[in-house]
Structure formats: C-alpha cells, structure tokens
>>> print(open('work14.pdb').read())   # PDB, C-alpha atoms and all ligand atoms
MODEL        1
ATOM      1  CA  MET N 876     -12.760  -0.430  23.656  1.00  0.00           C
ATOM      2  CA  ALA N 877      -8.985  -0.041  23.536  1.00  0.00           C
ATOM      3  CA  PHE N 878      -6.898  -1.901  20.998  1.00  0.00           C
ATOM      4  CA  THR N 879      -3.176  -1.787  20.392  1.00  0.00           C
ATOM      5  CA  ILE N 880      -2.241  -2.092  16.745  1.00  0.00           C
ATOM      6  CA  LYS N 881       1.191  -2.084  15.144  1.00  0.00           C
ATOM      7  CA  VAL N 882       1.433   0.361  12.259  1.00  0.00           C
ATOM      8  CA  ASN N 883       4.648   1.043  10.369  1.00  0.00           C
ATOM      9  CA  GLY N 884       6.774  -0.336  13.183  1.00  0.00           C
ATOM     10  CA  SER N 885       5.097   1.540  16.035  1.00  0.00           C
ATOM     11  CA  ALA N 886       2.434   0.420  18.505  1.00  0.00           C
ATOM     12  CA  HIS N 887      -0.655   2.622  18.716  1.00  0.00           C
ATOM     13  CA  SER N 888      -3.410   2.401  21.303  1.00  0.00           C
ATOM     14  CA  VAL N 889      -6.800   3.288  19.842  1.00  0.00           C
ATOM     15  CA  ASP N 890     -10.153   3.503  21.610  1.00  0.00           C
ATOM     16  CA  VAL N 891     -12.774   2.468  19.034  1.00  0.00           C
ATOM     17  CA  ASP N 892     -15.516  -0.109  18.562  1.00  0.00           C
ATOM     18  CA  GLY N 893     -14.120  -3.495  17.563  1.00  0.00           C
ATOM     19  CA  ASP N 894     -15.974  -3.515  14.263  1.00  0.00           C
ATOM     20  CA  THR N 895     -14.479  -0.186  13.157  1.00  0.00           C
ATOM     21  CA  PRO N 896     -12.762  -0.671   9.796  1.00  0.00           C
ATOM     22  CA  LEU N 897      -8.999  -0.306   9.903  1.00  0.00           C
ATOM     23  CA  LEU N 898      -9.274   2.349   7.178  1.00  0.00           C
ATOM     24  CA  TRP N 899     -11.068   4.738   9.535  1.00  0.00           C
ATOM     25  CA  VAL N 900      -8.708   4.006  12.404  1.00  0.00           C
ATOM     26  CA  LEU N 901      -5.755   4.879  10.176  1.00  0.00           C
ATOM     27  CA  ARG N 902      -7.303   8.009   8.711  1.00  0.00           C
ATOM     28  CA  ASP N 903      -9.459   9.458  11.482  1.00  0.00           C
ATOM     29  CA  VAL N 904      -7.763   8.259  14.660  1.00  0.00           C
ATOM     30  CA  LEU N 905      -4.102   8.088  13.654  1.00  0.00           C
ATOM     31  CA  GLY N 906      -4.179  10.826  11.014  1.00  0.00           C
ATOM     32  CA  MET N 907      -2.577   8.667   8.334  1.00  0.00           C
ATOM     33  CA  THR N 908      -4.530   9.922   5.348  1.00  0.00           C
ATOM     34  CA  GLY N 909      -2.397   8.374   2.624  1.00  0.00           C
ATOM     35  CA  THR N 910      -4.710   5.363   2.547  1.00  0.00           C
ATOM     36  CA  LYS N 911      -7.838   6.294   0.590  1.00  0.00           C
ATOM     37  CA  PHE N 912     -11.541   5.529   0.776  1.00  0.00           C
ATOM     38  CA  GLY N 913     -13.087   4.607  -2.548  1.00  0.00           C
ATOM     39  CA  CYS N 914     -15.981   2.157  -2.345  1.00  0.00           C
ATOM     40  CA  GLY N 915     -15.984   0.793   1.200  1.00  0.00           C
ATOM     41  CA  MET N 916     -16.914  -2.642  -0.158  1.00  0.00           C
ATOM     42  CA  ALA N 917     -13.600  -4.244  -1.191  1.00  0.00           C
ATOM     43  CA  LEU N 918     -14.268  -3.470  -4.838  1.00  0.00           C
ATOM     44  CA  CYS N 919     -11.750  -0.758  -5.780  1.00  0.00           C
ATOM     45  CA  GLY N 920      -8.473  -1.301  -3.897  1.00  0.00           C
ATOM     46  CA  ALA N 921      -7.978   2.363  -2.930  1.00  0.00           C
ATOM     47  CA  CYS N 922      -7.743   1.405   0.756  1.00  0.00           C
ATOM     48  CA  THR N 923      -5.083  -1.310   0.332  1.00  0.00           C
ATOM     49  CA  VAL N 924      -2.550  -1.720   3.133  1.00  0.00           C
ATOM     50  CA  HIS N 925      -0.269  -4.620   4.010  1.00  0.00           C
ATOM     51  CA  ILE N 926      -1.014  -6.886   6.955  1.00  0.00           C
ATOM     52  CA  GLU N 927       1.982  -9.142   7.520  1.00  0.00           C
ATOM     53  CA  GLY N 928       3.025  -8.223   3.985  1.00  0.00           C
ATOM     54  CA  ASN N 929      -0.240  -9.277   2.382  1.00  0.00           C
ATOM     55  CA  PRO N 930      -2.236  -6.671   0.458  1.00  0.00           C
ATOM     56  CA  THR N 931      -5.456  -6.199   2.407  1.00  0.00           C
ATOM     57  CA  ARG N 932      -8.561  -4.030   1.922  1.00  0.00           C
ATOM     58  CA  SER N 933      -8.622  -1.934   5.057  1.00  0.00           C
ATOM     59  CA  CYS N 934     -12.203  -0.760   4.409  1.00  0.00           C
ATOM     60  CA  ILE N 935     -13.577  -4.187   5.311  1.00  0.00           C
ATOM     61  CA  THR N 936     -10.996  -5.198   7.927  1.00  0.00           C
ATOM     62  CA  PRO N 937     -12.373  -4.723  11.442  1.00  0.00           C
ATOM     63  CA  VAL N 938      -9.804  -3.509  13.890  1.00  0.00           C
ATOM     64  CA  ASP N 939     -10.567  -6.355  16.287  1.00  0.00           C
ATOM     65  CA  SER N 940      -9.465  -8.900  13.648  1.00  0.00           C
ATOM     66  CA  ILE N 941      -5.888  -7.641  13.434  1.00  0.00           C
ATOM     67  CA  GLY N 942      -4.397  -8.688  16.757  1.00  0.00           C
ATOM     68  CA  SER N 943      -0.618  -8.361  16.839  1.00  0.00           C
ATOM     69  CA  SER N 944      -0.169  -8.461  13.060  1.00  0.00           C
ATOM     70  CA  GLU N 945       2.107  -5.852  11.517  1.00  0.00           C
ATOM     71  CA  ILE N 946       0.358  -3.230   9.392  1.00  0.00           C
ATOM     72  CA  THR N 947       2.257  -1.280   6.750  1.00  0.00           C
ATOM     73  CA  THR N 948       0.725   1.717   4.998  1.00  0.00           C
ATOM     74  CA  ILE N 949       1.689   3.915   2.078  1.00  0.00           C
ATOM     75  CA  GLU N 950       3.412   6.262   4.543  1.00  0.00           C
ATOM     76  CA  ALA N 951       6.120   3.631   5.187  1.00  0.00           C
ATOM     77  CA  ILE N 952       6.195   1.395   2.131  1.00  0.00           C
ATOM     78  CA  GLY N 953       9.155   3.341   0.754  1.00  0.00           C
ATOM     79  CA  ALA N 954      11.259   1.959   3.612  1.00  0.00           C
ATOM     80  CA  THR N 955      10.945  -1.558   2.179  1.00  0.00           C
ATOM     81  CA  ALA N 956      13.154  -2.752  -0.681  1.00  0.00           C
ATOM     82  CA  ALA N 957      10.250  -3.540  -2.988  1.00  0.00           C
ATOM     83  CA  GLY N 958       8.337  -0.410  -2.020  1.00  0.00           C
ATOM     84  CA  ALA N 959      11.316   1.825  -2.736  1.00  0.00           C
ATOM     85  CA  LYS N 960      11.739   0.282  -6.201  1.00  0.00           C
ATOM     86  CA  ILE N 961       8.048   0.645  -6.955  1.00  0.00           C
ATOM     87  CA  GLN N 962       7.874   4.271  -5.839  1.00  0.00           C
ATOM     88  CA  LYS N 963      10.938   5.176  -7.938  1.00  0.00           C
ATOM     89  CA  ALA N 964       9.472   3.378 -10.948  1.00  0.00           C
ATOM     90  CA  TRP N 965       6.167   5.238 -10.486  1.00  0.00           C
ATOM     91  CA  LEU N 966       8.082   8.519 -10.738  1.00  0.00           C
ATOM     92  CA  ASP N 967      10.319   7.368 -13.597  1.00  0.00           C
ATOM     93  CA  ARG N 968       7.308   6.224 -15.646  1.00  0.00           C
ATOM     94  CA  GLU N 969       5.077   9.146 -14.554  1.00  0.00           C
ATOM     95  CA  VAL N 970       2.278   6.741 -13.672  1.00  0.00           C
ATOM     96  CA  VAL N 971       0.032   9.066 -11.711  1.00  0.00           C
ATOM     97  CA  GLN N 972      -2.837  11.057 -13.168  1.00  0.00           C
ATOM     98  CA  CYS N 973      -5.306  12.325 -10.505  1.00  0.00           C
ATOM     99  CA  GLY N 974      -3.553  10.151  -7.941  1.00  0.00           C
ATOM    100  CA  TYR N 975      -6.547   9.011  -5.937  1.00  0.00           C
ATOM    101  CA  CYS N 976      -6.123   5.291  -6.559  1.00  0.00           C
ATOM    102  CA  GLN N 977      -2.345   5.318  -6.482  1.00  0.00           C
ATOM    103  CA  SER N 978      -1.694   4.567  -2.812  1.00  0.00           C
ATOM    104  CA  GLY N 979      -3.578   1.339  -3.253  1.00  0.00           C
ATOM    105  CA  GLN N 980      -1.894   0.607  -6.574  1.00  0.00           C
ATOM    106  CA  ILE N 981       1.541   1.057  -5.024  1.00  0.00           C
ATOM    107  CA  MET N 982       0.673  -1.157  -2.073  1.00  0.00           C
ATOM    108  CA  SER N 983      -0.524  -3.979  -4.335  1.00  0.00           C
ATOM    109  CA  ALA N 984       2.460  -3.598  -6.675  1.00  0.00           C
ATOM    110  CA  SER N 985       4.911  -3.588  -3.765  1.00  0.00           C
ATOM    111  CA  ALA N 986       3.434  -6.777  -2.346  1.00  0.00           C
ATOM    112  CA  LEU N 987       3.682  -8.397  -5.767  1.00  0.00           C
ATOM    113  CA  LEU N 988       7.327  -7.438  -6.225  1.00  0.00           C
ATOM    114  CA  ALA N 989       8.252  -8.470  -2.674  1.00  0.00           C
ATOM    115  CA  GLY N 990       6.988 -11.982  -3.383  1.00  0.00           C
ATOM    116  CA  ASN N 991       7.971 -12.255  -7.046  1.00  0.00           C
ATOM    117  CA  SER N 992      10.982 -10.268  -8.255  1.00  0.00           C
ATOM    118  CA  HIS N 993      10.227 -10.857 -11.958  1.00  0.00           C
ATOM    119  CA  PRO N 994       6.466 -11.152 -12.474  1.00  0.00           C
ATOM    120  CA  THR N 995       5.045 -12.006 -15.879  1.00  0.00           C
ATOM    121  CA  ASP N 996       2.395  -9.857 -17.537  1.00  0.00           C
ATOM    122  CA  ALA N 997      -0.240 -12.360 -16.452  1.00  0.00           C
ATOM    123  CA  GLN N 998       1.005 -12.296 -12.878  1.00  0.00           C
ATOM    124  CA  ILE N 999       0.995  -8.483 -12.884  1.00  0.00           C
ATOM    125  CA  ASP N1000      -2.539  -8.389 -14.258  1.00  0.00           C
ATOM    126  CA  ASP N1001      -3.683 -10.934 -11.692  1.00  0.00           C
ATOM    127  CA  ALA N1002      -2.066  -9.134  -8.750  1.00  0.00           C
ATOM    128  CA  MET N1003      -3.381  -5.730  -9.828  1.00  0.00           C
ATOM    129  CA  SER N1004      -6.847  -6.782 -10.958  1.00  0.00           C
ATOM    130  CA  GLY N1005      -8.519  -5.619  -7.743  1.00  0.00           C
ATOM    131  CA  ASN N1006      -7.192  -2.074  -8.021  1.00  0.00           C
ATOM    132  CA  ILE N1007      -9.401   0.191 -10.102  1.00  0.00           C
ATOM    133  CA  CYS N1008      -8.093   3.376 -11.760  1.00  0.00           C
ATOM    134  CA  ARG N1009     -10.737   5.742 -13.108  1.00  0.00           C
ATOM    135  CA  CYS N1010      -8.024   7.623 -14.998  1.00  0.00           C
ATOM    136  CA  GLY N1011      -6.992   4.468 -16.848  1.00  0.00           C
ATOM    137  CA  THR N1012      -3.311   4.412 -15.888  1.00  0.00           C
ATOM    138  CA  TYR N1013      -3.164   0.623 -16.229  1.00  0.00           C
ATOM    139  CA  ALA N1014      -0.625   0.539 -19.064  1.00  0.00           C
ATOM    140  CA  ARG N1015       1.784   2.792 -17.191  1.00  0.00           C
ATOM    141  CA  ILE N1016       1.297   0.759 -14.004  1.00  0.00           C
ATOM    142  CA  ARG N1017       2.290  -2.421 -15.810  1.00  0.00           C
ATOM    143  CA  GLU N1018       5.316  -0.692 -17.373  1.00  0.00           C
ATOM    144  CA  ALA N1019       6.371   0.708 -14.019  1.00  0.00           C
ATOM    145  CA  ILE N1020       6.188  -2.695 -12.339  1.00  0.00           C
ATOM    146  CA  LYS N1021       8.376  -4.156 -15.101  1.00  0.00           C
ATOM    147  CA  HIS N1022      10.760  -1.224 -14.747  1.00  0.00           C
ATOM    148  CA  ALA N1023      10.950  -1.799 -10.985  1.00  0.00           C
ATOM    149  CA  ALA N1024      11.571  -5.508 -11.510  1.00  0.00           C
ATOM    150  CA  ALA N1025      14.446  -4.746 -13.865  1.00  0.00           C
ATOM    151  CA  SER N1026      16.039  -2.175 -11.559  1.00  0.00           C
TER
HETATM  152  S1  LIG R   1     -12.357   1.501  -0.366  1.00  0.00           S
HETATM  153 FE1  LIG R   1     -11.677  -0.483   0.137  1.00  0.00          FE
HETATM  154  S2  LIG R   1     -11.721  -1.597  -1.726  1.00  0.00           S
HETATM  155 FE2  LIG R   1     -12.634   0.337  -2.196  1.00  0.00          FE
HETATM  156  S1  LIG R   2      -4.835   8.045 -11.203  1.00  0.00           S
HETATM  157 FE1  LIG R   2      -6.879   8.839 -11.065  1.00  0.00          FE
HETATM  158  S2  LIG R   2      -8.035   7.141 -10.359  1.00  0.00           S
HETATM  159 FE2  LIG R   2      -6.108   6.296 -10.774  1.00  0.00          FE
ENDMDL
END
>>> encode(input="work14.pdb", output="structure tokens")
Amino acid sequence: MAFTIKVNGSAHSVDVDGDTPLLWVLRDVLGMTGTKFGCGMALCGACTVHIEGNPTRSCITPVDSIGSSEITTIEAIGATAAGAKIQKAWLDREVVQCGYCQSGQIMSASALLAGNSHPTDAQIDDAMSGNICRCGTYARIREAIKHAAAS
C-alpha cells in the first residue's frame, strides 16, 4: 500500500505494509541510515526520531499511524536551533564513544532543549532515561546538554 510521509521537510511516497515500523521505512526504503536499530521494543532509544517535535521510538511506530505529521531524523536535526546547539556541544564535550546510541541520544536531547532552554539535572535525567548507552557516556551527555543550554 502506498503512503506519503513527510521526512525532513520533503514528502516521500513509500509502498509498504501499513504495519511496517517507521524505522525500516527510513532505513531500508528511504536509505536514511542515521537512525539505528537497537532492541526493536521501545527499550533502548537508538531509533528515536521526532514526530511533530516529539521524541518517538520509530521501531514501534507503524507507518500507517503517522498521517501528515512531520518527521525529523538525525540527518536534519542540525538544521534546527536546538539540534545545532546539541550537535556542537556533543563535539565540544567529545561525548561519543562507539557512537551507536548517539543518534537517538541527540534526538532526545534536542527535543528536551527545544522545549526547555535551561533544564535541571532532574529534567535532563528524566528526558534521557529512555536512551541506553552501552559505553556509559551518560556523564558526558549530561555535561553536553548543560553546555548546549548555556551556549
Ligand atoms: S530500537 Fe527502538 S527503542 Fe530500541
Ligand atoms: S556510545 Fe556506544 S552505545 Fe553509546
């Protein structure tokens, strides 16, 4: 079945089953591989994208549930004010280790900063609690979000 979804400001027509997770549409149909597969069960946050600005687990989001909502992925988050600050802070604070979880981390952090320009530690921990990092970069992530907020 054909669906038209809006990704990073462009409309894309995709011919997939309606229950296909958005993650696989992005990666396998549209070739946007910045969004990662981790658990497939909404437990790790690696697949986080924004739908209408809200951080959303694309691994459990069926494509037929999206309608005309705007999807933003890691490929375009740097074009937003909050995303640009977060990405710069990630580089300044050298957050990344293996990198696998970091697309999702950046998407969650960008959504936080877009809605709250000066989050407290508790608010950072709450917003980031669904994003798992096997390399344990949590302390640098928190520092980078504070750095972005102060920039
Ligand atoms: S792959 Fe979606 S939350 Fe883990
Ligand atoms: S940087 Fe390796 S899993 Fe997070």
>>> closest_residue(input="work14.pdb", among="N:Pro994, N:Gly953, N:Gly884, N:Gly1005", to="N:Leu918", atoms="all atoms listed in the file")
N:Gly1005
>>> residues_near_ligand(input="work14.pdb", ligand="ligand LIG 2 (chain R)", cutoff="9 Å", atoms="all atoms listed in the file", output="PyMOL selection string")
chain N and resi 921+970-977+980+1006-1013
>>> closest_residue(input="work14.pdb", among="N:Gly942, N:Gly979, N:Gly990, N:Gly893", to="ligand LIG 1 (chain R)", atoms="only C-alpha atoms and all ligand atoms")
N:Gly979
>>> resolve_selection(input="work14.pdb", expression="the PyMOL selection byres (((chain N and resi 928) around 12) and not hetatm)", output="list of chain:residue names")
N:Asn883, N:Thr923, N:Val924, N:His925, N:Ile926, N:Glu927, N:Asn929, N:Pro930, N:Thr931, N:Ser944, N:Glu945, N:Ile946, N:Thr947, N:Thr948, N:Ile952, N:Thr955, N:Ala957, N:Gly958, N:Met982, N:Ser983, N:Ala984, N:Ser985, N:Ala986, N:Leu987, N:Leu988, N:Ala989, N:Gly990
>>> residues_near_ligand(input="work14.pdb", ligand="ligand LIG 1 (chain R)", cutoff="6 Å", atoms="only C-alpha atoms and all ligand atoms", output="ChimeraX atom specification")
/N:912-922,932-934
>>> residues_around(input="work14.pdb", residues="stretch 885-889 of chain N", least_positions_apart="2", cutoff="10 Å", atoms="all atoms listed in the file", output="VMD selection string")
chain N and resid 876 to 883 891 to 892 900 to 901 904 to 905 938 943 945 to 946
>>> closest_residue(input="work14.pdb", among="N:Lys911, N:Lys1021, N:Arg902, N:His993", to="N:Arg968", atoms="all atoms listed in the file")
N:Lys1021
>>> closest_residue(input="work14.pdb", among="N:Ala1014, N:Leu897, N:Ala1019, N:Ala1025", to="N:Ile941", atoms="only C-alpha atoms")
N:Leu897
